[in-house]
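Encoded as structure tokens, the structure appears first; notes follow it.
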Amino acid sequence: MLKLENVTASYGAVQVLFGVSLTLEKGSVTTLLGKNGMGKSTTVRTIFGLTDAIGGSITFEGESLIHQKTHKIAQRGIALVPEGRQVFPTLDVIENLVATSRYRGAARRRAAVDEILNLFPRLAERRTSFSGLLSGGEQQMLAIGRALMTDPKLLILDEATEGLAPNIRREIWAALKRLKSEGMTILVIDKSLKPLCRIGDQHSILVKGKTAWTGLSAELEDPSSEARQLLAL
Amino acid sequence: MFELIAEQLLNGLQYGILLFLIAAGLTLIFGVMDFINLSHGSMFMMGAYFSILAQKLTGNFLVAVLLAGAGVFALGMLIEVLLARRLYARSHLDQVLVTYGLILLANESVSTIWGSVPLYSGLPEILSGHITLPLGIPYPAYRLVVIGAGFTIAIALFLLIQRTRIGMLVRAGATHRTMVSVMGVNIGFLFAAVFALGALLAGLAGALAGPLLSVQPGMGETVLILSFVVVVIGGLGSIKGAFLAAIIVGLLDTMGRAFLRDLLSSIFSPSVASDTGPALASMLVYILMALVLFFRPEGLIPMQKRA
Amino acid sequence: QDQDPVKVGFVLSLSGPGAVIGLDMQRGAELAIEELGGTIGGRAAEFIFEDDQRKPDVGKQAAERLVQSEKVDVVVGASFSNVMMAIHRPVTRAKTLLLSPNPAPAPLAGEDCSPYYFAVPFQNDQPAEAIGIHLNNIGVKTAFILAPNYQAGRDLLAGFKRHFKGELVGEIYTPLEQTDFSAELTEIRSANPEAVFIFYPGGLGIQFVKQYSQAGLKDSIPLHSAFTVGGATLEAIGEDGLGVTSGSQWAYDLPNEANKAFVAAYRAKYNGIPSEFAAQAYDTIRLIDSAAKAVGGKVEDTDAMAAAIKSANFESVRGSFSFNRNNHPIHNMYLLVVKKNDAGELVASADSLIVKDMPDAYVDACPMGK
Amino acid sequence: MSSALILDGISKSFGGIHALSKVSFTLKTGGIHALIGPNGAGKTTLVSTISGALTPDTGTVRLGERLLNGLSVHERSRLGLSRTYQLTSLFSNITVRENLALSLAARETPGLTFGQMARRHSAKRFAHQIDQALEDFGLQEKADANPAVLSHGDRRRLELAMAIITEPKVLLLDEPLAGLSSADAETLVHLIETRLRGDVPILLIEHDMEAVFNLADDITVLVNGEVLKSGTPDEVRASSEVQAAYLSEDDDF
Amino acid sequence: MSFIRTYGNILTLALAVAIGPIVAITMNDPYLLSTFERILIIAVAAASLNMILGFGGMVSFGHAVFLGVGAYATGLMANAGLTSLLVQLPVVIVASAFIALFIGAIALRTTGIYFIMITLALAQIFYYIAVSSSSFGGDDGMVIYERTTLGGFYDPFDNYQFYGFVAAVAVVLILSINHLVGSEFGQRLVACRENPARAEALGLNTFGIRLTAFVIAGVFCGLAGFLLANQSEFATPGYANWQRSGELLAIVILGGVGARSGPVLGAFVFIWLEHALSGWTTHWAAIFGPLLILSVLFFRGGLASIGTYLGNLRGERAR
Ligand SMILES: Nc1ncnc2c1ncn2[C@@H]1O[C@H](COP(=O)(O)OP(=O)(O)OP(=O)(O)O)[C@@H](O)[C@H]1O
Ligand SMILES: Nc1ncnc2c1ncn2[C@@H]1O[C@H](COP(=O)(O)OP(=O)(O)OP(=O)(O)O)[C@@H](O)[C@H]1O
Ligand SMILES: CC(C)C[C@H](N)C(=O)O
Ligand SMILES: [Mg+2]
Ligand SMILES: [Mg+2]
């Protein structure tokens with residue numbers, strides 16, 4: 001569905017990606033791992049055209065995404081839960097969900113909002129609060145809900161559970177599992193290995209802007225594997 | 001006496017509504033999009049001039065007002081594409097300087113094209129007379145039309161910003177521009193359209209205010225600061241707030257001018273009163289603004305609470 | 001002769017809100033210069049125009065530049081009294097001649113009069129004094145008066161009050177930048193005077209007169225003015241100006257020869273009716289020229305020039321006039337009424353003589369020549 | 001053990017939202033006290049009322065014997081109260097070294113200092129302390145870089161270094177491990193364990209339960225602004241209420 | 001290179017002071033000095049604004065009010081016969097400090113756009129006091145008949161001597177401002193801008209530091225007003241209105257926000273251009289406006305950053 005081949009990218013003069021390759025099968029969950037600063041977020045930015053790829057190819061459903069406008073890329077059905085949440089602070093919870101929704105028709109949209117509020121009851125309690133005032137965890141839920149409201153084919157989560165309490169983390173993993181079972185394709189970046197292994201079909205590790213390892217959960221779960229070496233100190 | 005007060009209240013209301021008309025576009029560009037546009041007054045001035053030009057060409061006041069709005073809309077679009085869009089991500093200061101440059105350019109262009117002699121924007125016969133209101137108050141018909149137009153625009157704008165997704169998207173884009181496009185919205189186009197809409201409102205206000213104010217180069221600056229005052233007192237981004245603030249400012253200013261001197265002269269000597277009365281009257285609006293910001297720094301009806 | 005050219009410097013409001021009047025004065029001056037073939041007193045001349053933007057500090061810089069850098073022989077300026085108050089001292093202190101083509105604030109006619117300073121058109125108060133007298137003549141008992149709050153506004157209202165014998169039911173000074181008069185009009189209606197007198201030059205006048213008419217006051221309370229309805233503004237004011245009167249030393253249809261020639265030439269060059277401001281500037285240039293001729297072209301001899309100017313030996317477009325001891329005019333004051341002339345143009349036309357050979361009110365305070 | 005920080009009956013609401021209701025607990029000298037609870041439970045709000053950034057509606061805060069109510073943030077800071085922020089909060093346009101120097105200088109001479117020399121030498125004046133901190137936190141190589149270009153892990157470490165370099169009497173840490181890779185998180189836990197434990201009482205907010213149970217001497221669980229449970233790690237872990245409201249294994253889905 | 005980096009702003013200042021007499025002597029026209037006097041005076045005002053804006057992040061849209069305060073205080077004293085520098089300076093300092101304290105104490109309770117607007121509002125209040133007080137000459141302003149005297153030490157009406165006086169005062173003031181922003185105080189001011197919450201948590205009294213900076217800047221600008229009154233022998237409400245405040249902002253931005261040589265460069269280019277263009281055409285604004293726009297679009301760091309391209313001829317930047 002989404003295929004990155006040997007992607008390179010830089011911020012101005014500083015090159016950050018040196019060859020990232022990823023293949024996401026339709027309906028699968030892929031995880032992107034790596035220590036801090038290895039280029040995970042940059043990879044995501046490059047997919048959305050926020051950072052210009054200087055080499056390699058990115059295709060979604062067979063069509064190239066390179067040099068496309070960000071909003072056009074998103075309109076193809078890719079949604080992002082960004083690092084640092086980036087909810088719209090001056091909009092309330094419901095407005096955050098509705099503003100960029102791609103469901104047409106008020107009734108359809110209302111149903112979708114209800115679904116999200118079901119998924120995260122905490123948000124229902126805060127529905128008229130400005131999202132800038134929500135606690136960190138509440139904002140993360142809202143960011144996920146906002147992404148789902150665009151009815152995406154591919155959902156990308158950058159730091160899916162950062163700052164979330166264990167019980168919420170569990171809910172988010174459960175939600176992702178459900179979305180997966182409904183056939184959604186998911187790319188997730190996170191640091192908690194255990195749940196990633198359970199939910200992910202395929203894993204990639206970035207080291208210094210390069211795909212250093214790609215494999216299955218079983219290999220990652222083995223504490224003595226090469227993959228674990230790459231993630232440790 | 002009662003009639004005098006009633007009539008002055010009406011004057012204040014009318015002035016307030018006029019202020020709202022002028023400030024309406026600014027609540028979009030400054031209040032919602034968070035772009036400091038000093039050239040808003042120039043858009044207002046262009047509206048007045050375009051309407052005079054269109055009146056000469058078409059001979060119809062209403063058509064001229066609409067044409068003026070359309071003209072300024074196009075101008076706003078041009079400015080957005082050429083300048084404003086490069087500045088959203090920059091500091092407010094850069095916006096101040098660029099739009100200050102635009103003021104200079106606009107005033108100079110206008111006086112080169114139309115001369116610096118004030119022009120008069122004509123009115124159709126039916127509007128140039130006065131109507132007798134209840135209590136036997138004669139009131140200029142056109143001023144009543146302005147009041148009507150102000151209310152209409154206030155309601156339309158309120159619905160647009162608070163009740164449509166366009167409003168939400170603009171508010172979202174003001175703080176997290178890239179995020180909006182990551183969510184699949186063409187923010188560049190949206191901002192251009194809203195910026196131009198703000199200009200359009202300024203242009204309409206100029207066309208409508210033309211018959212009430214002097215149409216001359218620099219006419220925008222006298223109203224510019226007042227419109228900023230109105231937007232800020234009302235609470236950034238709040239249409240309701242701007243409307244409320246405009247009415248309060250209009251009433252305060254008019255009542256101050258009308259009664260402060262007499263009020264003071266009942267306390268102080270007439271010479272002191274006639275010296276301080278007008279002074280205090282012109283300060284009232286700014287004193288109000290200082291007080292509002294002191295006690296409610298986010299304005300009367302705060303819309304944007306930042307995290 | 002290989003003399004340097006005569007240098008005349010102008011300080012006028014050529015941009016900003018005062019430009020309505022300043023540019024009109026520039027036109028009047030340029031017409032005179034053209035008629036003189038660019039000479040003064042028979043000598044080649046250079047004319048330098050500076051813009052004061054109606055700001056006193058800017059005007060003062062401009063005047064100092066003219067005097068110190070350009071070393072002009074005569075300064076003509078300003079357009080407005082506030083600028084005049086600022087340029088008066090630096091110019092006269094340098095013993096350079098200063099001729100006002102328009103503003104003549106009260107202090108400069110009295111205590112601060114100077115041998116190097118001449119107010120060519122009038123003393124500010126005079127037109128208003130004339131209206132005050134006129135209202136007495138027609139038996140008006142109550143009046144309401146308004147002007148912008150600056151030097152000339154205060155001068156004019158003082159002038160009005162000097163002679164008006166009826167009761168003042170209202171006296172309002174509005175901020176100089178105020179153009180919406182709804183609150184004041186309401187006060188006027190509530191005070192219900194027999195007459196209203198205003199001084200609203202330029203754009204202010206256009207607004208006031210239009211709004212006065214729109215409020216329905218024009219039919220019930222006659223409007224009298226000074227410097228408000230005239231060539232510079234009547235086109236914009238339109239029919240709402242019909243019937244408004246003014247006091248003035250000049251009207252476009254004063255029947256003297258100099259005036260006829262001026263109006264015809266002005267029409268030919270600019271295709272319109274001249275304003276009083278154009279006429280005053282025109283007069284000022286011709287006065288300078290006449291004086292320069294009288295001293296045989298020796299304009300550098302300031303004291304001789306001053307004496308020659310004082311004798312005012314030229315045909316003024318206002319008809320006869322002479323300078324008083326304080327270098328301010330003694331001349332006739334006319335009543336002007338706005339009407340349509342035979343060609344269908346809106347004009348402020350001379351209706352009657354109010355005062356003959358009127359001196360200004362401050363001459364006694366001037367120590368000069370006592 | 002005596003008490004370093006005593007909270008008594010703290011309540012705070014924002015409009016209709018009761019973020020804190022009658023929260024009381026005591027931070028013992030030398031101990032590490034963890035504050036846990038679901039998102040939006042009021043943990044950050046509590047830290048802000050202690051630091052003085054928010055004024056509680058009711059309740060008192062004491063630092064040892066000293067009542068802090070009514071004091072401003074900077075006054076409390078000078079009394080020895082240090083905090084870190086949930087989202088990293090540094091001076092991003094001066095170097096790491098200058099960030100640390102500023103921290104020290106602010107505590108040393110709180111008044112207005114107009115001297116030019118002071119600035120030139122402030123880095124030198126504090127050189128010893130700063131070098132020690134850089135070494136403790138593994139930031140030696142980054143000393144002259146601006147925080148803006150540091151990796152997330154480095155920035156979290158600097159955040160902590162700035163808070164402790166002034167040798168505070170009480171340290172408030174709001175999610176110091178958030179966003180760190182497991183390797184970086186381990187280093188930081190180790191650092192707290194070795195460098196800080198015992199020297200300074202710490203109030204630790206964290207969602208990383210492994211770290212909390214490793215470090216904490218006492219745990220208070222906050223839910224909906226109320227203290228649900230306070231006790232030793234074992235007591236808390238055993239509580240079924242806490243299990244239901246907050247804890248539950250990550251992979252239990 | 002590092003010499004220029006450190007002393008670039010002093011070099012700029014020295015050039016700005018020297019160029020006036022050089023031009024006046026070569027052209028044999030002492031009057032030309034007056035433009036250069038104004039450049040130096042406005043540079044002082046801009047430098048004081050740059051201190052709170054560029055270093056403290058306080059965007060004051062009412063800074064010109066202090067020009068007005070300084071000018072009117074000087075004018076009132078001069079016309080009352082108090083012309084001695086020793087009398088005038090303390091009064092100007094106290095008056096502007098007092099008003100800065102008043103404005104600052106109120107305005108500093110807000111931040112961001114609200115700070116911009118409240119400084120504007122408070123400045124307008126003082127502007128209207130000047131406009132409508134007849135003892136100050138109202139709208140027309142006040143002619144000042146005597147320049148400041150130094151006990152007969154110099155002739156204030158001699159063009160060169162007066163230039164010397166203005167230049168000396170301006171240089172002292174600008175150097176003092178540069179010293180302040182380079183001091184520990186300056187660094188703390190920057191810290192308060194960068195991250196006020198953190199600065200407060202470190203123990204800095206952010207309100208106190210900001211207010212101190214605001215008052216100091218007000219006093220320096222008041223002193224610029226004192227010079228301006230002497231230079232123009234005039235005080236007008238126009239010195240204190242929002243357009244003038246906007247102009248000061250424009251000069252600071254044009255010069256380079258937070259660059260020590262910025263205000264001098266900005267004032268030089270702004271005033272000199274205005275002067276040169278308006279001498280050439282009354283439509284000078286039609287050229288000047290676009291120039292401003294282009295300068296923002298293409299010289300992001302202001303004039304001071306052009307130096308970077310031309311071999312690092314600039315002062316140390318605080319941002
Ligand atoms: N705007 C930028 N300009 C320059 N360098 C940048 C910029 N943003 C990120 N970098 C650098 O790019 C590298 C990769 O950053 P990126 O954010 O992609 O890492 P990451 O793998 O997502 O790390 P983390 O787990 O901390 O989020 C880092 O070294 C970072 O310092
Ligand atoms: N300034 C504010 N105005 C209104 N509500 C607020 C404000 N600050 C916090 N809240 C609300 O108070 C509650 C407590 O927030 P707080 O940030 O203390 O939670 P937290 O326990 O730190 O959560 P997290 O673990 O997600 O950081 C939340 O519901 C939040 O929405
Ligand atoms: C006549 C007016 C237009 C000008 C007036 N004499 C003044 O001094 O300002
Ligand atoms: Mg990342
Ligand atoms: Mg928190």
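The way I read the labels, and the way they are meant: chains A, B, ... in the order of the structure tokens, residue 1 as the first residue of every chain, and ligand 1 as the first ligand shown, with later ones counted on from there.
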All residues having an atom within 12 Å of ligand 5 (only C-alpha atoms and all ligand atoms) as a JSON list (two decimals) with C-alpha atoms, in the first residue's frame:
[["chain", "number", "residue", "atom", "x", "y", "z"],
["A", 133, "LEU", "CA", -6.53, 23.24, 28.34],
["A", 134, "LEU", "CA", -6.76, 19.47, 28.23],
["A", 135, "SER", "CA", -4.25, 17.33, 30.06],
["A", 136, "GLY", "CA", -1.57, 15.73, 27.95],
["A", 137, "GLY", "CA", -3.29, 12.39, 27.81],
["A", 138, "GLU", "CA", -6.60, 13.90, 26.86],
["A", 139, "GLN", "CA", -4.90, 15.72, 24.02],
["A", 162, "GLU", "CA", 3.77, 9.17, 24.93],
["A", 163, "GLY", "CA", 2.70, 10.55, 28.27],
["A", 164, "LEU", "CA", -0.30, 8.31, 28.62],
["A", 165, "ALA", "CA", -1.31, 6.50, 31.76],
["D", 19, "ALA", "CA", -9.01, 19.58, 39.05],
["D", 35, "LEU", "CA", 2.49, 10.82, 42.32],
["D", 36, "ILE", "CA", 0.60, 8.73, 39.82],
["D", 37, "GLY", "CA", -2.85, 8.76, 38.34],
["D", 38, "PRO", "CA", -4.75, 8.76, 35.09],
["D", 39, "ASN", "CA", -4.37, 11.52, 32.54],
["D", 40, "GLY", "CA", -6.13, 14.64, 33.68],
["D", 41, "ALA", "CA", -6.12, 13.52, 37.31],
["D", 42, "GLY", "CA", -4.60, 16.84, 38.38],
["D", 43, "LYS", "CA", -0.95, 15.91, 38.87],
["D", 44, "THR", "CA", 0.51, 18.77, 36.88],
["D", 45, "THR", "CA", -2.01, 21.11, 38.46],
["D", 46, "LEU", "CA", -0.80, 20.03, 41.86],
["D", 47, "VAL", "CA", 2.83, 20.68, 40.95],
["D", 48, "SER", "CA", 1.86, 24.11, 39.71],
["D", 84, "THR", "CA", 10.96, 20.44, 35.84],
["D", 85, "TYR", "CA", 8.27, 20.65, 33.22],
["D", 86, "GLN", "CA", 6.20, 17.97, 31.57],
["D", 87, "LEU", "CA", 7.16, 19.45, 28.21],
["D", 173, "LEU", "CA", 9.75, 16.25, 38.57],
["D", 174, "ASP", "CA", 6.86, 16.22, 36.10],
["D", 175, "GLU", "CA", 7.21, 13.16, 33.86],
["D", 176, "PRO", "CA", 10.98, 13.28, 33.43],
["D", 178, "ALA", "CA", 8.25, 11.07, 28.87],
["D", 204, "LEU", "CA", 8.03, 12.33, 41.01],
["D", 205, "ILE", "CA", 5.22, 12.24, 38.51],
["D", 206, "GLU", "CA", 5.58, 9.45, 36.01],
["D", 207, "HIS", "CA", 3.48, 7.14, 33.88],
["D", 222, "LEU", "CA", -4.58, 10.76, 42.37]]
List every residue of region 7-117 of chain A that DSSP, applied to the backbone of this structure, assigns to strand (DSSP E or B), and report them as a ChimeraX atom specification. /A:7-11,14-24,29-33,53-60,63-64,78-81,92
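Taking CA of Ala160 (chain A) as the reference point, CA of Asp190 (chain A) is found at 5.7 Å.
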If you run DSSP on the backbone, which residues of region 216-319 of chain E are alpha helix (DSSP H), as a PyMOL selection string? chain E and resi 216-232+242-255+262-280+284-298+303-309
Expected answer as a PyMOL selection string: residues within 6 Å of ligand 1, only C-alpha atoms and all ligand atoms: (chain A and resi 11+16+35-42) or (chain D and resi 149-152)
Could you dump the residues just selected with N, CA, C and O atoms as a PDB file, in the first residue's frame?
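Contents of again_30.pdb, as written:
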ATOM      1  N   TYR A  11      17.320  18.450   6.499  1.00  0.00           N
ATOM      2  CA  TYR A  11      16.842  19.772   6.936  1.00  0.00           C
ATOM      3  C   TYR A  11      17.895  20.776   6.499  1.00  0.00           C
ATOM      4  O   TYR A  11      18.969  20.825   7.091  1.00  0.00           O
ATOM      5  N   VAL A  16      19.458  14.003   7.258  1.00  0.00           N
ATOM      6  CA  VAL A  16      18.977  13.246   8.400  1.00  0.00           C
ATOM      7  C   VAL A  16      18.602  11.816   7.994  1.00  0.00           C
ATOM      8  O   VAL A  16      18.879  10.862   8.716  1.00  0.00           O
ATOM      9  N   LYS A  35      16.132   4.537  18.449  1.00  0.00           N
ATOM     10  CA  LYS A  35      16.380   5.403  19.591  1.00  0.00           C
ATOM     11  C   LYS A  35      16.002   6.839  19.243  1.00  0.00           C
ATOM     12  O   LYS A  35      15.665   7.159  18.116  1.00  0.00           O
ATOM     13  N   ASN A  36      16.102   7.724  20.227  1.00  0.00           N
ATOM     14  CA  ASN A  36      15.786   9.133  19.995  1.00  0.00           C
ATOM     15  C   ASN A  36      16.690   9.715  18.918  1.00  0.00           C
ATOM     16  O   ASN A  36      17.887   9.451  18.875  1.00  0.00           O
ATOM     17  N   GLY A  37      16.094  10.469  18.044  1.00  0.00           N
ATOM     18  CA  GLY A  37      16.873  11.207  17.058  1.00  0.00           C
ATOM     19  C   GLY A  37      17.351  10.398  15.874  1.00  0.00           C
ATOM     20  O   GLY A  37      18.242  10.819  15.152  1.00  0.00           O
ATOM     21  N   MET A  38      16.783   9.242  15.657  1.00  0.00           N
ATOM     22  CA  MET A  38      17.261   8.415  14.564  1.00  0.00           C
ATOM     23  C   MET A  38      16.561   8.712  13.238  1.00  0.00           C
ATOM     24  O   MET A  38      16.957   8.211  12.196  1.00  0.00           O
ATOM     25  N   GLY A  39      15.496   9.489  13.295  1.00  0.00           N
ATOM     26  CA  GLY A  39      14.854   9.887  12.038  1.00  0.00           C
ATOM     27  C   GLY A  39      13.460   9.331  11.830  1.00  0.00           C
ATOM     28  O   GLY A  39      12.918   9.396  10.728  1.00  0.00           O
ATOM     29  N   LYS A  40      12.853   8.835  12.899  1.00  0.00           N
ATOM     30  CA  LYS A  40      11.511   8.265  12.744  1.00  0.00           C
ATOM     31  C   LYS A  40      10.504   9.355  12.349  1.00  0.00           C
ATOM     32  O   LYS A  40       9.764   9.222  11.366  1.00  0.00           O
ATOM     33  N   SER A  41      10.517  10.424  13.122  1.00  0.00           N
ATOM     34  CA  SER A  41       9.574  11.503  12.825  1.00  0.00           C
ATOM     35  C   SER A  41       9.868  12.124  11.474  1.00  0.00           C
ATOM     36  O   SER A  41       8.963  12.517  10.743  1.00  0.00           O
ATOM     37  N   THR A  42      11.135  12.206  11.145  1.00  0.00           N
ATOM     38  CA  THR A  42      11.486  12.789   9.859  1.00  0.00           C
ATOM     39  C   THR A  42      10.945  11.924   8.717  1.00  0.00           C
ATOM     40  O   THR A  42      10.491  12.441   7.694  1.00  0.00           O
TER      41      THR A  42
ATOM     42  N   VAL D 149      19.250  22.180  19.215  1.00  0.00           N
ATOM     43  CA  VAL D 149      19.719  21.123  18.315  1.00  0.00           C
ATOM     44  C   VAL D 149      20.004  19.809  19.058  1.00  0.00           C
ATOM     45  O   VAL D 149      20.506  18.867  18.464  1.00  0.00           O
ATOM     46  N   LEU D 150      19.671  19.761  20.346  1.00  0.00           N
ATOM     47  CA  LEU D 150      19.935  18.525  21.090  1.00  0.00           C
ATOM     48  C   LEU D 150      18.863  17.481  20.818  1.00  0.00           C
ATOM     49  O   LEU D 150      17.740  17.809  20.441  1.00  0.00           O
ATOM     50  N   SER D 151      19.234  16.227  21.042  1.00  0.00           N
ATOM     51  CA  SER D 151      18.217  15.182  20.936  1.00  0.00           C
ATOM     52  C   SER D 151      17.317  15.251  22.161  1.00  0.00           C
ATOM     53  O   SER D 151      17.656  15.837  23.202  1.00  0.00           O
ATOM     54  N   HIS D 152      16.167  14.635  22.034  1.00  0.00           N
ATOM     55  CA  HIS D 152      15.173  14.683  23.091  1.00  0.00           C
ATOM     56  C   HIS D 152      15.751  14.234  24.435  1.00  0.00           C
ATOM     57  O   HIS D 152      15.550  14.883  25.462  1.00  0.00           O
TER      58      HIS D 152
END
Using only C-alpha atoms and all ligand atoms, the shortest atom-to-atom distance to ligand 2 among A:Asp158, A:Glu125, A:Glu226, A:Glu221 belongs to A:Glu125
So which residues touch Ala175 (chain A) within 12 Å, counting only C-alpha atoms, skipping near sequence neighbours fewer than 2 positions away, as a VMD selection string? (chain A and resid 115 to 116 118 to 120 141 144 to 145 148 160 168 to 173 177 to 182 184 186 199) or (chain D and resid 253)
Selected residues written out with C-alpha atoms, as a short mmCIF file (atom, residue, chain, number, x, y, z; two decimals), in the first residue's frame:
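Here's the written file again-v3.cif:
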data_model
loop_
_atom_site.label_atom_id
_atom_site.label_comp_id
_atom_site.auth_asym_id
_atom_site.auth_seq_id
_atom_site.Cartn_x
_atom_site.Cartn_y
_atom_site.Cartn_z
CA GLU A 115 -18.01 6.71 17.80
CA ILE A 116 -14.88 8.57 18.83
CA ASN A 118 -17.38 6.09 22.73
CA LEU A 119 -13.84 5.07 22.12
CA PHE A 120 -12.55 7.76 24.55
CA MET A 141 -6.81 10.86 22.62
CA ILE A 144 -6.14 10.09 17.52
CA GLY A 145 -9.83 10.85 17.26
CA LEU A 148 -9.85 8.84 12.58
CA ALA A 160 1.32 6.76 19.97
CA ILE A 168 -5.20 4.67 28.63
CA ARG A 169 -2.28 3.08 26.86
CA ARG A 170 -4.12 -0.16 27.05
CA GLU A 171 -7.21 1.43 25.60
CA ILE A 172 -5.26 2.85 22.74
CA TRP A 173 -3.65 -0.47 21.94
CA LYS A 177 -6.26 -3.66 17.43
CA ARG A 178 -9.89 -3.07 16.61
CA LEU A 179 -9.05 -0.77 13.74
CA LYS A 180 -6.68 -3.39 12.43
CA SER A 181 -9.38 -6.00 12.55
CA GLU A 182 -11.59 -3.63 10.57
CA MET A 184 -7.10 -0.43 8.47
CA ILE A 186 -1.39 1.28 10.43
CA ILE A 199 -0.06 -5.81 17.61
CA PHE D 253 -5.58 -6.14 25.56
#
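With a cut-off of 6 Å and using only C-alpha atoms and all ligand atoms, the polymer residues contacting ligand 3 are Phe80, Ser81, Asn102, Pro103, Asn124, Ala152, Pro201 and Phe227 of chain C.
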Neighbours of Ala70 (chain B) within 7 Å (only C-alpha atoms; same-chain residues fewer than 4 positions away dropped), as a PyMOL selection string? chain B and resi 66+74+200
Surrounding residues of Lys142 (chain D) excluding itself and chain neighbours under 3 positions, 9 Å, only C-alpha atoms, as a compact mmCIF listing (two decimals) with N, CA, C and O atoms, in the first residue's frame:
# COMPACT_ATOMS: atom_id res chain seq x y z
N THR D 95 23.77 28.51 25.11
CA THR D 95 24.33 27.17 25.15
C THR D 95 23.90 26.42 26.43
O THR D 95 23.38 27.02 27.36
N VAL D 96 24.16 25.14 26.40
CA VAL D 96 23.88 24.30 27.55
C VAL D 96 24.57 24.86 28.79
O VAL D 96 23.98 25.01 29.86
N ARG D 97 25.82 25.22 28.61
CA ARG D 97 26.60 25.76 29.73
C ARG D 97 25.95 27.04 30.26
O ARG D 97 25.79 27.22 31.47
N LEU D 134 27.65 18.71 34.25
CA LEU D 134 27.75 18.19 32.88
C LEU D 134 28.23 16.75 32.91
O LEU D 134 27.74 15.90 32.17
N GLY D 138 26.18 13.47 31.78
CA GLY D 138 26.68 13.02 30.49
C GLY D 138 26.49 14.03 29.38
O GLY D 138 26.19 13.68 28.24
N LEU D 139 26.65 15.30 29.74
CA LEU D 139 26.41 16.33 28.72
C LEU D 139 27.70 17.05 28.32
O LEU D 139 27.65 18.06 27.64
N ALA D 145 26.67 23.45 22.80
CA ALA D 145 25.60 23.43 21.79
C ALA D 145 24.37 24.13 22.36
O ALA D 145 24.21 24.25 23.57
N ASN D 146 23.52 24.64 21.49
CA ASN D 146 22.25 25.20 21.95
C ASN D 146 21.24 24.07 22.11
O ASN D 146 21.21 23.14 21.30
N PRO D 147 20.40 24.15 23.11
CA PRO D 147 19.42 23.09 23.34
C PRO D 147 18.57 22.80 22.12
O PRO D 147 18.10 21.69 21.93
N LEU D 150 19.67 19.76 20.35
CA LEU D 150 19.93 18.52 21.09
C LEU D 150 18.86 17.48 20.82
O LEU D 150 17.74 17.81 20.44
N ASP D 154 18.85 14.22 25.51
CA ASP D 154 19.78 15.21 26.05
C ASP D 154 19.04 16.38 26.68
O ASP D 154 19.42 16.89 27.73
Restrict the distance test to only C-alpha atoms, flag each residue of chain E within 9 Å of chain D, and return the flagged residues as a compact mmCIF listing (two decimals) with C-alpha atoms, in the first residue's frame.
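Here's the written file iface20.txt:
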# COMPACT_ATOMS: atom_id res chain seq x y z
CA HIS E 179 26.24 48.18 27.91
CA LEU E 180 22.95 47.34 29.57
CA VAL E 181 21.88 44.75 27.05
CA GLY E 182 25.27 43.13 27.27
CA SER E 183 25.21 42.95 31.04
CA GLU E 184 23.93 40.15 33.16
CA PHE E 185 20.73 42.16 33.44
CA GLY E 186 20.44 42.04 29.67
CA GLN E 187 20.86 38.32 29.65
CA ARG E 188 18.18 37.91 32.25
CA ALA E 191 15.71 34.80 29.56
CA GLU E 194 12.61 33.25 25.90
CA ASN E 195 10.88 31.30 28.60
CA ALA E 197 7.76 30.45 33.17
CA ARG E 198 11.13 28.79 33.43
CA ALA E 199 12.91 32.02 34.31
CA GLU E 200 10.43 32.57 37.12
CA ALA E 201 10.93 29.01 38.30
CA LEU E 202 14.68 29.57 38.39
CA GLY E 203 14.09 32.41 40.83
CA LEU E 204 14.09 35.43 38.54
CA ASN E 205 11.49 38.07 39.28
CA THR E 206 10.36 38.35 35.68
CA GLY E 208 10.51 43.18 38.17
CA ILE E 209 13.14 42.66 35.50
CA THR E 212 12.96 47.82 35.24
CA ALA E 318 21.04 38.37 21.10
CA ARG E 319 18.55 36.16 19.40
